[in-house]
Every structure is written in structure tokens, then in C-alpha cells.
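Okay, run19.cif now, which holds mmCIF, C-alpha atoms:
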data_structure
loop_
_atom_site.group_PDB
_atom_site.id
_atom_site.type_symbol
_atom_site.label_atom_id
_atom_site.label_comp_id
_atom_site.auth_asym_id
_atom_site.auth_seq_id
_atom_site.Cartn_x
_atom_site.Cartn_y
_atom_site.Cartn_z
ATOM 1 C CA MET K 1 45.058 95.605 34.034
ATOM 2 C CA ASN K 2 41.369 95.614 34.732
ATOM 3 C CA MET K 3 39.733 92.278 35.504
ATOM 4 C CA ASN K 4 38.902 91.465 31.890
ATOM 5 C CA GLU K 5 42.337 92.291 30.580
ATOM 6 C CA ASP K 6 43.986 90.376 33.372
ATOM 7 C CA GLU K 7 41.785 87.344 32.748
ATOM 8 C CA LYS K 8 42.386 87.531 29.032
ATOM 9 C CA TRP K 9 46.148 87.750 29.448
ATOM 10 C CA HIS K 10 46.235 84.781 31.812
ATOM 11 C CA SER K 11 43.856 82.824 29.618
ATOM 12 C CA LEU K 12 46.073 83.456 26.591
ATOM 13 C CA LEU K 13 49.127 82.407 28.611
ATOM 14 C CA ALA K 14 47.364 79.268 29.833
ATOM 15 C CA ARG K 15 46.589 78.301 26.228
ATOM 16 C CA SER K 16 50.238 78.744 25.300
ATOM 17 C CA VAL K 17 51.663 76.659 28.186
ATOM 18 C CA PRO K 18 52.119 73.384 26.206
ATOM 19 C CA ALA K 19 54.217 75.282 23.648
ATOM 20 C CA PHE K 20 56.548 76.554 26.374
ATOM 21 C CA VAL K 21 57.367 73.154 27.849
ATOM 22 C CA GLY K 22 60.986 72.242 27.179
ATOM 23 C CA GLU K 23 62.288 68.920 25.897
ATOM 24 C CA THR K 24 63.349 66.331 28.468
ATOM 25 C CA GLU K 25 65.668 64.348 26.193
ATOM 26 C CA PRO K 26 68.240 65.705 23.778
ATOM 27 C CA PRO K 27 67.382 65.018 20.136
ATOM 28 C CA TYR K 28 69.170 62.230 18.300
ATOM 29 C CA GLY K 29 72.799 63.131 17.634
ATOM 30 C CA PHE K 30 72.760 66.184 19.904
ATOM 31 C CA THR K 31 75.048 64.744 22.596
ATOM 32 C CA THR K 32 77.462 63.425 19.972
ATOM 33 C CA ALA K 33 77.583 66.868 18.348
ATOM 34 C CA ILE K 34 78.388 68.503 21.693
ATOM 35 C CA LEU K 35 81.104 65.950 22.468
ATOM 36 C CA ALA K 36 82.585 66.477 18.990
ATOM 37 C CA ARG K 37 82.634 70.249 19.512
ATOM 38 C CA LEU K 38 84.266 69.778 22.920
ATOM 39 C CA ALA K 39 86.928 67.496 21.426
ATOM 40 C CA GLU K 40 87.503 69.951 18.582
ATOM 41 C CA ARG K 41 87.861 72.827 21.030
ATOM 42 C CA GLU K 42 90.306 70.820 23.113
ATOM 43 C CA SER K 43 92.440 69.954 20.093
ATOM 44 C CA LYS K 44 92.405 73.622 19.021
ATOM 45 C CA GLN K 45 93.532 74.604 22.507
ATOM 46 C CA MET K 46 96.335 72.054 22.356
ATOM 47 C CA GLU K 47 97.265 73.372 18.914
ATOM 48 C CA LYS K 48 97.362 76.904 20.323
ATOM 49 C CA ILE K 49 99.516 75.792 23.264
ATOM 50 C CA GLY K 50 101.866 73.975 20.868
ATOM 51 C CA LEU K 51 102.155 77.020 18.597
ATOM 52 C CA ARG K 52 102.817 79.280 21.568
ATOM 53 C CA ALA K 53 105.517 76.925 22.855
ATOM 54 C CA PHE K 54 107.081 76.819 19.381
ATOM 55 C CA PHE K 55 107.162 80.597 19.039
ATOM 56 C CA ALA K 56 108.463 80.972 22.608
ATOM 57 C CA ALA K 57 111.306 78.544 21.814
ATOM 58 C CA LEU K 58 111.975 80.444 18.581
ATOM 59 C CA ALA K 59 112.138 83.727 20.502
ATOM 60 C CA VAL K 60 114.563 82.249 23.069
ATOM 61 C CA LEU K 61 116.721 80.933 20.225
ATOM 62 C CA ALA K 62 116.764 84.342 18.519
ATOM 63 C CA ILE K 63 117.684 86.128 21.748
ATOM 64 C CA THR K 64 120.447 83.624 22.516
ATOM 65 C CA THR K 65 121.835 83.981 18.970
ATOM 66 C CA ALA K 66 121.793 87.760 19.217
ATOM 67 C CA VAL K 67 123.565 87.751 22.582
ATOM 68 C CA THR K 68 126.184 85.240 21.400
ATOM 69 C CA LEU K 69 126.889 87.154 18.195
ATOM 70 C CA ASP K 70 127.080 90.411 20.110
ATOM 71 C CA LEU K 71 129.620 88.960 22.536
ATOM 72 C CA HIS K 72 131.544 87.491 19.636
ATOM 73 C CA PHE K 73 131.830 90.779 17.766
ATOM 74 C CA GLN K 74 132.626 92.714 20.928
ATOM 75 C CA SER K 75 135.559 90.493 21.749
ATOM 76 C CA ARG K 76 136.785 90.070 18.140
ATOM 77 C CA GLY K 77 139.278 92.980 18.273
ATOM 78 C CA GLU K 78 140.724 91.925 21.561
ATOM 79 C CA LEU K 79 143.753 89.648 21.695
ATOM 80 C CA GLU K 80 144.678 87.136 24.297
ATOM 81 C CA PRO K 81 147.224 88.682 26.762
ATOM 82 C CA GLY K 82 149.902 86.139 25.717
ATOM 83 C CA VAL K 83 149.463 86.880 21.994
ATOM 84 C CA ARG K 84 149.575 90.625 22.600
ATOM 85 C CA SER K 85 152.808 90.383 24.543
ATOM 86 C CA LEU K 86 154.286 88.166 21.800
ATOM 87 C CA ILE K 87 153.491 90.811 19.188
ATOM 88 C CA GLN K 88 154.976 93.495 21.395
ATOM 89 C CA MET K 89 158.086 91.396 21.790
ATOM 90 C CA GLU K 90 158.393 90.945 18.014
ATOM 91 C CA ASN K 91 158.079 94.684 17.521
ATOM 92 C CA VAL K 92 161.033 95.331 19.814
ATOM 93 C CA PRO K 93 164.005 96.002 17.542
ATOM 94 C CA VAL K 94 166.957 93.717 18.157
ATOM 95 C CA SER K 95 170.141 95.618 18.519
ATOM 96 C CA MET D 1 74.319 72.738 49.242
ATOM 97 C CA ASP D 2 72.173 69.933 47.846
ATOM 98 C CA GLN D 3 74.329 68.436 45.140
ATOM 99 C CA PRO D 4 73.603 64.839 44.103
ATOM 100 C CA ALA D 5 76.621 62.568 44.555
ATOM 101 C CA GLU D 6 76.460 61.455 40.929
ATOM 102 C CA ILE D 7 76.940 65.043 39.706
ATOM 103 C CA ILE D 8 79.987 65.459 41.952
ATOM 104 C CA ALA D 9 81.356 62.231 40.492
ATOM 105 C CA TRP D 10 80.668 63.366 36.893
ATOM 106 C CA LEU D 11 82.387 66.697 37.522
ATOM 107 C CA GLN D 12 85.403 64.946 38.997
ATOM 108 C CA ARG D 13 85.594 62.521 36.061
ATOM 109 C CA TRP D 14 85.169 65.406 33.580
ATOM 110 C CA LYS D 15 88.117 67.232 35.170
ATOM 111 C CA GLU D 16 90.140 64.051 34.754
ATOM 112 C CA GLY D 17 89.302 64.043 31.038
ATOM 113 C CA ASP D 18 86.638 61.321 31.019
ATOM 114 C CA GLU D 19 84.468 61.924 27.950
ATOM 115 C CA SER D 20 81.650 59.707 29.194
ATOM 116 C CA ALA D 21 81.243 62.060 32.170
ATOM 117 C CA ALA D 22 80.676 64.925 29.721
ATOM 118 C CA GLU D 23 77.991 62.829 28.042
ATOM 119 C CA GLU D 24 76.263 62.251 31.389
ATOM 120 C CA LEU D 25 76.458 65.973 32.188
ATOM 121 C CA VAL D 26 74.942 66.886 28.809
ATOM 122 C CA ARG D 27 72.058 64.472 29.369
ATOM 123 C CA HIS D 28 71.505 65.811 32.887
ATOM 124 C CA LEU D 29 71.678 69.499 31.965
ATOM 125 C CA PHE D 30 69.760 69.333 28.682
ATOM 126 C CA PRO D 31 66.207 69.428 30.178
ATOM 127 C CA VAL D 32 67.184 72.273 32.530
ATOM 128 C CA ILE D 33 68.564 74.387 29.682
ATOM 129 C CA SER D 34 65.828 73.397 27.239
ATOM 130 C CA LYS D 35 63.145 74.613 29.650
ATOM 131 C CA ILE D 36 64.827 77.999 30.062
ATOM 132 C CA VAL D 37 65.564 78.443 26.372
ATOM 133 C CA ARG D 38 61.997 77.509 25.391
ATOM 134 C CA LEU D 39 60.677 80.076 27.872
ATOM 135 C CA HIS D 40 63.075 82.904 27.090
ATOM 136 C CA LEU D 41 63.971 82.035 23.515
ATOM 137 C CA PRO D 42 64.520 85.143 21.483
ATOM 138 C CA ARG D 43 62.248 85.009 18.477
ATOM 139 C CA ARG D 44 63.722 83.599 15.273
ATOM 140 C CA GLU D 45 66.584 82.016 17.184
ATOM 141 C CA GLN D 46 67.189 78.335 16.630
ATOM 142 C CA GLU D 47 66.444 76.629 19.926
ATOM 143 C CA GLU D 48 68.888 73.757 19.473
ATOM 144 C CA ASP D 49 71.726 76.100 18.483
ATOM 145 C CA LEU D 50 71.173 78.197 21.571
ATOM 146 C CA ILE D 51 71.136 75.107 23.823
ATOM 147 C CA GLN D 52 74.408 73.991 22.215
ATOM 148 C CA GLU D 53 75.928 77.419 22.775
ATOM 149 C CA ILE D 54 74.899 77.387 26.440
ATOM 150 C CA LEU D 55 76.313 73.893 26.931
ATOM 151 C CA MET D 56 79.606 74.906 25.313
ATOM 152 C CA LYS D 57 79.728 77.956 27.591
ATOM 153 C CA THR D 58 78.988 75.693 30.543
ATOM 154 C CA PHE D 59 81.888 73.365 29.760
ATOM 155 C CA SER D 60 84.315 76.191 29.054
ATOM 156 C CA ARG D 61 83.469 77.834 32.387
ATOM 157 C CA LEU D 62 83.110 74.675 34.438
ATOM 158 C CA HIS D 63 86.483 75.338 36.066
ATOM 159 C CA GLN D 64 84.940 78.524 37.561
ATOM 160 C CA TYR D 65 82.185 76.520 39.237
ATOM 161 C CA LYS D 66 83.007 76.499 42.932
ATOM 162 C CA GLY D 67 80.285 74.097 43.988
ATOM 163 C CA ASP D 68 78.709 76.533 46.479
ATOM 164 C CA ALA D 69 75.332 76.189 44.699
ATOM 165 C CA PRO D 70 73.806 73.201 42.902
ATOM 166 C CA LEU D 71 75.157 72.828 39.370
ATOM 167 C CA THR D 72 71.668 73.150 37.882
ATOM 168 C CA HIS D 73 71.240 76.605 39.538
ATOM 169 C CA TRP D 74 74.600 77.726 38.210
ATOM 170 C CA VAL D 75 73.761 76.498 34.711
ATOM 171 C CA SER D 76 70.235 77.992 34.869
ATOM 172 C CA ARG D 77 71.714 81.394 35.584
ATOM 173 C CA LEU D 78 74.159 81.047 32.724
ATOM 174 C CA ALA D 79 71.344 79.982 30.384
ATOM 175 C CA LEU D 80 69.125 82.884 31.431
ATOM 176 C CA THR D 81 71.951 85.397 31.014
ATOM 177 C CA THR D 82 72.700 84.052 27.527
ATOM 178 C CA CYS D 83 69.022 84.281 26.526
ATOM 179 C CA LEU D 84 68.769 87.841 27.891
ATOM 180 C CA ASP D 85 71.903 88.840 25.962
ATOM 181 C CA ARG D 86 70.312 87.504 22.782
ATOM 182 C CA LEU D 87 67.039 89.269 23.546
ATOM 183 C CA ARG D 88 68.884 92.547 24.096
ATOM 184 C CA ALA D 89 70.248 92.292 20.570
ATOM 185 C CA GLN D 90 66.694 92.343 19.237
ATOM 186 C CA LYS D 91 64.762 95.512 18.720
ATOM 187 C CA ILE D 92 61.969 96.217 21.172
ATOM 188 C CA ARG D 93 58.675 96.854 19.388
ATOM 189 C CA PRO D 94 57.430 100.290 20.507
ATOM 190 C CA GLU D 95 53.799 99.216 20.292
ATOM 191 C CA LEU D 96 51.648 96.400 18.961
ATOM 192 C CA ARG D 97 48.587 97.298 16.932
ATOM 193 C CA TRP D 98 45.733 95.126 15.746
ATOM 194 C CA ALA D 99 46.941 95.583 12.157
ATOM 195 C CA ASP D 100 50.317 94.074 13.163
ATOM 196 C CA LEU D 101 48.623 90.762 13.993
ATOM 197 C CA SER D 102 48.123 88.024 11.440
ATOM 198 C CA THR D 103 44.630 86.603 10.862
ATOM 199 C CA GLU D 104 45.614 83.602 13.049
ATOM 200 C CA ASP D 105 46.806 85.924 15.820
ATOM 201 C CA GLN D 106 43.554 87.860 15.669
ATOM 202 C CA GLU D 107 41.543 84.631 15.899
ATOM 203 C CA THR D 108 43.680 83.465 18.838
ATOM 204 C CA PHE D 109 43.195 86.787 20.561
ATOM 205 C CA GLY D 110 39.443 86.423 20.142
ATOM 206 C CA ALA D 111 39.533 82.802 21.332
ATOM 207 C CA SER D 112 41.416 83.727 24.493
ATOM 208 C CA TRP D 113 38.114 85.127 25.781
ATOM 209 C CA LEU D 114 36.778 81.591 25.733
ATOM 210 C CA GLY D 115 38.915 80.617 28.692
ATOM 211 C CA SER D 116 41.792 78.219 29.101
ATOM 212 C CA SER D 117 40.165 75.095 27.701
ATOM 213 C CA ALA D 118 42.906 72.762 26.512
ATOM 214 C CA PRO D 119 43.900 73.877 23.040
ATOM 215 C CA SER D 120 45.368 71.667 20.314
ATOM 216 C CA ALA D 121 49.156 71.558 19.887
ATOM 217 C CA ALA D 122 48.857 73.933 16.946
ATOM 218 C CA GLY D 123 46.580 76.174 19.009
ATOM 219 C CA ALA D 124 49.168 76.273 21.795
ATOM 220 C CA ILE D 125 51.907 77.258 19.348
ATOM 221 C CA GLN D 126 49.658 79.936 17.879
ATOM 222 C CA ALA D 127 48.902 81.237 21.373
ATOM 223 C CA ARG D 128 52.601 81.247 22.137
ATOM 224 C CA ASP D 129 53.316 83.281 18.995
ATOM 225 C CA LEU D 130 50.773 85.853 20.086
ATOM 226 C CA VAL D 131 52.161 85.909 23.644
ATOM 227 C CA GLU D 132 55.628 86.487 22.142
ATOM 228 C CA LYS D 133 54.318 89.375 20.059
ATOM 229 C CA ILE D 134 52.633 90.987 23.034
ATOM 230 C CA LEU D 135 55.772 90.507 25.143
ATOM 231 C CA SER D 136 57.966 91.979 22.398
ATOM 232 C CA THR D 137 56.827 95.413 23.540
ATOM 233 C CA LEU D 138 58.674 94.847 26.828
ATOM 234 C CA SER D 139 62.379 95.050 27.584
ATOM 235 C CA PRO D 140 64.129 91.629 27.677
ATOM 236 C CA GLU D 141 64.327 91.661 31.466
ATOM 237 C CA ASP D 142 60.670 92.667 31.879
ATOM 238 C CA ARG D 143 59.618 90.052 29.344
ATOM 239 C CA SER D 144 61.485 87.279 31.154
ATOM 240 C CA LEU D 145 60.207 88.469 34.505
ATOM 241 C CA VAL D 146 56.559 88.329 33.401
ATOM 242 C CA LEU D 147 57.041 84.778 32.085
ATOM 243 C CA MET D 148 58.822 83.611 35.229
ATOM 244 C CA ILE D 149 55.967 84.913 37.375
ATOM 245 C CA ASP D 150 52.890 84.371 35.222
ATOM 246 C CA LEU D 151 53.906 81.174 33.454
ATOM 247 C CA GLU D 152 56.273 79.421 35.828
ATOM 248 C CA GLY D 153 54.768 80.761 39.051
ATOM 249 C CA GLN D 154 58.183 81.567 40.516
ATOM 250 C CA SER D 155 58.309 83.600 43.710
ATOM 251 C CA LEU D 156 60.138 86.930 43.895
ATOM 252 C CA GLN D 157 62.794 85.261 46.048
ATOM 253 C CA GLU D 158 63.320 82.472 43.506
ATOM 254 C CA ILE D 159 63.673 85.042 40.716
ATOM 255 C CA SER D 160 66.108 87.012 42.819
ATOM 256 C CA ASP D 161 68.180 83.861 43.399
ATOM 257 C CA ASN D 162 68.144 82.952 39.713
ATOM 258 C CA THR D 163 68.872 86.383 38.296
ATOM 259 C CA GLY D 164 70.802 88.160 41.020
ATOM 260 C CA TRP D 165 68.308 91.074 40.883
ATOM 261 C CA GLY D 166 67.159 92.612 44.156
ATOM 262 C CA ILE D 167 63.542 92.174 45.276
ATOM 263 C CA SER D 168 62.779 95.896 45.008
ATOM 264 C CA LYS D 169 64.197 95.970 41.487
ATOM 265 C CA ILE D 170 62.012 92.986 40.564
ATOM 266 C CA LYS D 171 58.910 94.680 41.989
ATOM 267 C CA MET D 172 59.668 97.878 40.106
ATOM 268 C CA ARG D 173 60.243 95.989 36.848
ATOM 269 C CA LEU D 174 57.064 93.991 37.345
ATOM 270 C CA PHE D 175 55.028 97.131 37.958
ATOM 271 C CA ARG D 176 56.397 98.697 34.781
ATOM 272 C CA ALA D 177 55.897 95.510 32.758
ATOM 273 C CA ARG D 178 52.282 95.144 33.894
ATOM 274 C CA ALA D 179 51.563 98.753 32.952
ATOM 275 C CA GLN D 180 52.997 98.164 29.481
ATOM 276 C CA LEU D 181 51.066 94.897 29.089
ATOM 277 C CA ARG D 182 47.871 96.652 30.145
ATOM 278 C CA LYS D 183 48.463 99.324 27.516
ATOM 279 C CA THR D 184 49.087 96.737 24.781
ATOM 280 C CA MET D 185 46.075 94.600 25.696
ATOM 281 C CA GLN D 186 43.836 97.684 25.792
ATOM 282 C CA LYS D 187 45.072 98.775 22.388
ATOM 283 C CA LEU D 188 44.351 95.333 20.910
ATOM 284 C CA GLU D 189 40.902 95.191 22.461
ATOM 285 C CA GLU D 190 39.980 98.612 21.139
ATOM 286 C CA HIS D 191 40.749 97.589 17.573
ATOM 287 C CA PRO D 192 38.265 99.008 15.025
#
Structure encoded using C-alpha cells:
Amino acid sequence: MNMNEDEKWHSLLARSVPAFVGETEPPYGFTTAILARLAERESKQMEKIGLRAFFAALAVLAITTAVTLDLHFQSRGELEPGVRSLIQMENVPVS
Amino acid sequence: MDQPAEIIAWLQRWKEGDESAAEELVRHLFPVISKIVRLHLPRREQEEDLIQEILMKTFSRLHQYKGDAPLTHWVSRLALTTCLDRLRAQKIRPELRWADLSTEDQETFGASWLGSSAPSAAGAIQARDLVEKILSTLSPEDRSLVLMIDLEGQSLQEISDNTGWGISKIKMRLFRARAQLRKTMQKLEEHP
């Protein structure tokens, strides 16, 4: 910038300074609004954690049920050794 | 690190879930954030909304604060980054012509020759609007840099500390920004 332009720019900036000064105190209700948003966020987080825990428990329950049923059906055809031998004994023709 | 004892106490109480500590932190950080937002506020953005957003960001990231720099520095950097992100979302004006200025802007531009005699509050706002328009021809980083140097009088080292930019990068940006400002001011002065 030449001298005039430089002076003009700085003069314009100097005139605008009061409009760039920030507030020193939050406006009425501002702090309360922030605290409310923080509390809301916290409760949402807790809600999320609760939902996650619920779905995790549901998943564990489903897996356990599946495993139990699987074991049940796998072992359904099998007979206890004592019962099997009893059947075999009954099948033996008596002379 | 120069961290006031009361801030350390507020942070500790906040971590323990004390809501009144959050209130104290909001009151303490508000002027710091307000100053930055007012300086770097993207046009048409609501100042209070942006301050709220920065404060919410601050609280959600407070667990990342290690305490190796004063809290106000850490928050200032967060505020500046948020403002720059918002500014990046706005379109950079390729050039500013005399015809783009309102009658009030043109009068303010003419009055700026009269020197920096204390203007009225309305005059200051008008001057700020014109400054914003002139700066809208710069990239967000260049715009913020010019304001930090010309308006706040920050040193290159201070800017480097606040932004994380290297000194040579700052000098290069400043050189480019001044060239662009010169071009814009010349164009406005040569108006028919």
C-alpha cells in the first residue's frame, strides 16, 4: 500500500475498533441456556449408554439361547448309556 | 504454566460433576470467546449462537485438556479454529467494486480520510461493515491474520502460538493479504 492507502486503511480500522470489542459479561439467560444444554447432552449420553447396555444384554441373551438350543437339539437323539443298554437287553430274544 | 488456582479448582469440580463449576467456567471464558468471535465473526452468523457452540465444544473436549497451557489459550485456539471453519464455508468475494458498496459504505469510505476521530457507535458499526466487506476479498486465514495484526496489535510470535502457524507462513500470508488489500483499496479509490 502506498502511504495514503495505508493511512486510509488504518484510519478506517481505527474507526471500527469500538464495534469489534467483545462483551465482558454473558447476556441474561446465556449461562442458564449453556447449563441446560450441558445437562441435556449428559442425559442424552446416559440414554445412549443405557440403550447400548440394553442391546448388549439382548445380544448376549440371544447368543446364549442359540447355543443352548443348539446343544439341546444336538443331544436329543442320543440316549443315556443305561437306557440304551436297557433297550438292547429288551431286544434280546428270550429262549 | 500460569494457570490461576481458581481455574484448576473449577476444572476439578467440573470433572466431579459440580454444575456450579461449569457456571463459573462459562462466566470466565465468555469474554475470551466473545472477543475472538466479535473479531473473526463470519458475516451473517449469529454471534451468541457461535459463542454457545464454542462453549459446548469446549465442555465436550475438556477431558482432552492436558493443562500444559493456560485454559484461556486452549479455548482461544478452539474459538479461532471454529470461526475459521465457519469463514471457510463462506464464499470469498473475488473483488470489491465501488458499485458493490451501499451509500453508507461510500460515505464511510470518504470519511475515513478524515482520520481516526472518535466516531459514534453507529459510525463504528458502519466502519466495521465496510472493513468486513474489504476483508471479504481475502481468504479466511488472511482475513483473520490482518485483524490480529492491524486491530489487535499481536506479534508474529503471539499469532504463531495462537494458531499453530509457522512464522514464515504468517509472513507469507501477510504479504499476500497486504497485496490484496492494496488492490482493493486502489480499486475503491479509483471509482468513477
(request) Pull the neighbourhood of (64.2, 90.2, 33.8) for me: all residues within 8 Å in file coordinates, counting only C-alpha atoms, as a list in words. (result) Leu84, Pro140, Glu141, Asp142, Arg143, Ser144, Leu145, Val146, Thr163, Ile170 and Arg173 of chain D
For the residues in the current selection, export C-alpha atoms as a compact mmCIF listing (two decimals), keeping the file's coordinate frame.
# COMPACT_ATOMS: atom_id res chain seq x y z
CA LEU D 84 68.77 87.84 27.89
CA PRO D 140 64.13 91.63 27.68
CA GLU D 141 64.33 91.66 31.47
CA ASP D 142 60.67 92.67 31.88
CA ARG D 143 59.62 90.05 29.34
CA SER D 144 61.48 87.28 31.15
CA LEU D 145 60.21 88.47 34.51
CA VAL D 146 56.56 88.33 33.40
CA THR D 163 68.87 86.38 38.30
CA ILE D 170 62.01 92.99 40.56
CA ARG D 173 60.24 95.99 36.85
(message) Once the PyMOL selection byres ((chain K) within 9 of (chain D)) has been evaluated on this model, what residues remain selected, and can you format them as number ranges by chain?
(response) K: 1-2, 4-27, 30-35, 37-39
(request) Report the distance between CA of Lys169 (chain D) and CA of Ile149 (chain D) in Å, rounded to one decimal place. (result)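 Separation of CA of Lys169 (chain D) and CA of Ile149 (chain D): 14.4 Å.
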(request) Please indicate the distance in Å from CA of Arg77 (chain D) to CA of Ser160 (chain D), rounded to one decimal place. (result)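 That distance, rounded to one decimal, is 10.7 Å.
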(message) To one decimal place in Å, what is the distance between CA of Arg88 (chain D) and CA of Lys133 (chain D)?
(response)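 According to the coordinates, CA of Arg88 (chain D) and CA of Lys133 (chain D) are separated by 15.4 Å.
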(message) So, with all atoms listed in the file as the atoms that count, which of D:Arg97, D:Glu104, D:Ala9, D:Gln157 lies closest to Glu190 (chain D)?
(response) D:Arg97
(request) To verify the selection step, state as a PyMOL selection string which residues the PyMOL selection byres ((chain D and resi 63) around 12) yields on this input. (result) chain D and resi 11-12+14-16+57-62+64-67
Just the selected residues (C-alpha atoms), exported as a CSV table (one decimal), in the frame of the given file, please.
chain,number,residue,atom,x,y,z
D,11,LEU,CA,82.4,66.7,37.5
D,12,GLN,CA,85.4,64.9,39.0
D,14,TRP,CA,85.2,65.4,33.6
D,15,LYS,CA,88.1,67.2,35.2
D,16,GLU,CA,90.1,64.1,34.8
D,57,LYS,CA,79.7,78.0,27.6
D,58,THR,CA,79.0,75.7,30.5
D,59,PHE,CA,81.9,73.4,29.8
D,60,SER,CA,84.3,76.2,29.1
D,61,ARG,CA,83.5,77.8,32.4
D,62,LEU,CA,83.1,74.7,34.4
D,64,GLN,CA,84.9,78.5,37.6
D,65,TYR,CA,82.2,76.5,39.2
D,66,LYS,CA,83.0,76.5,42.9
D,67,GLY,CA,80.3,74.1,44.0
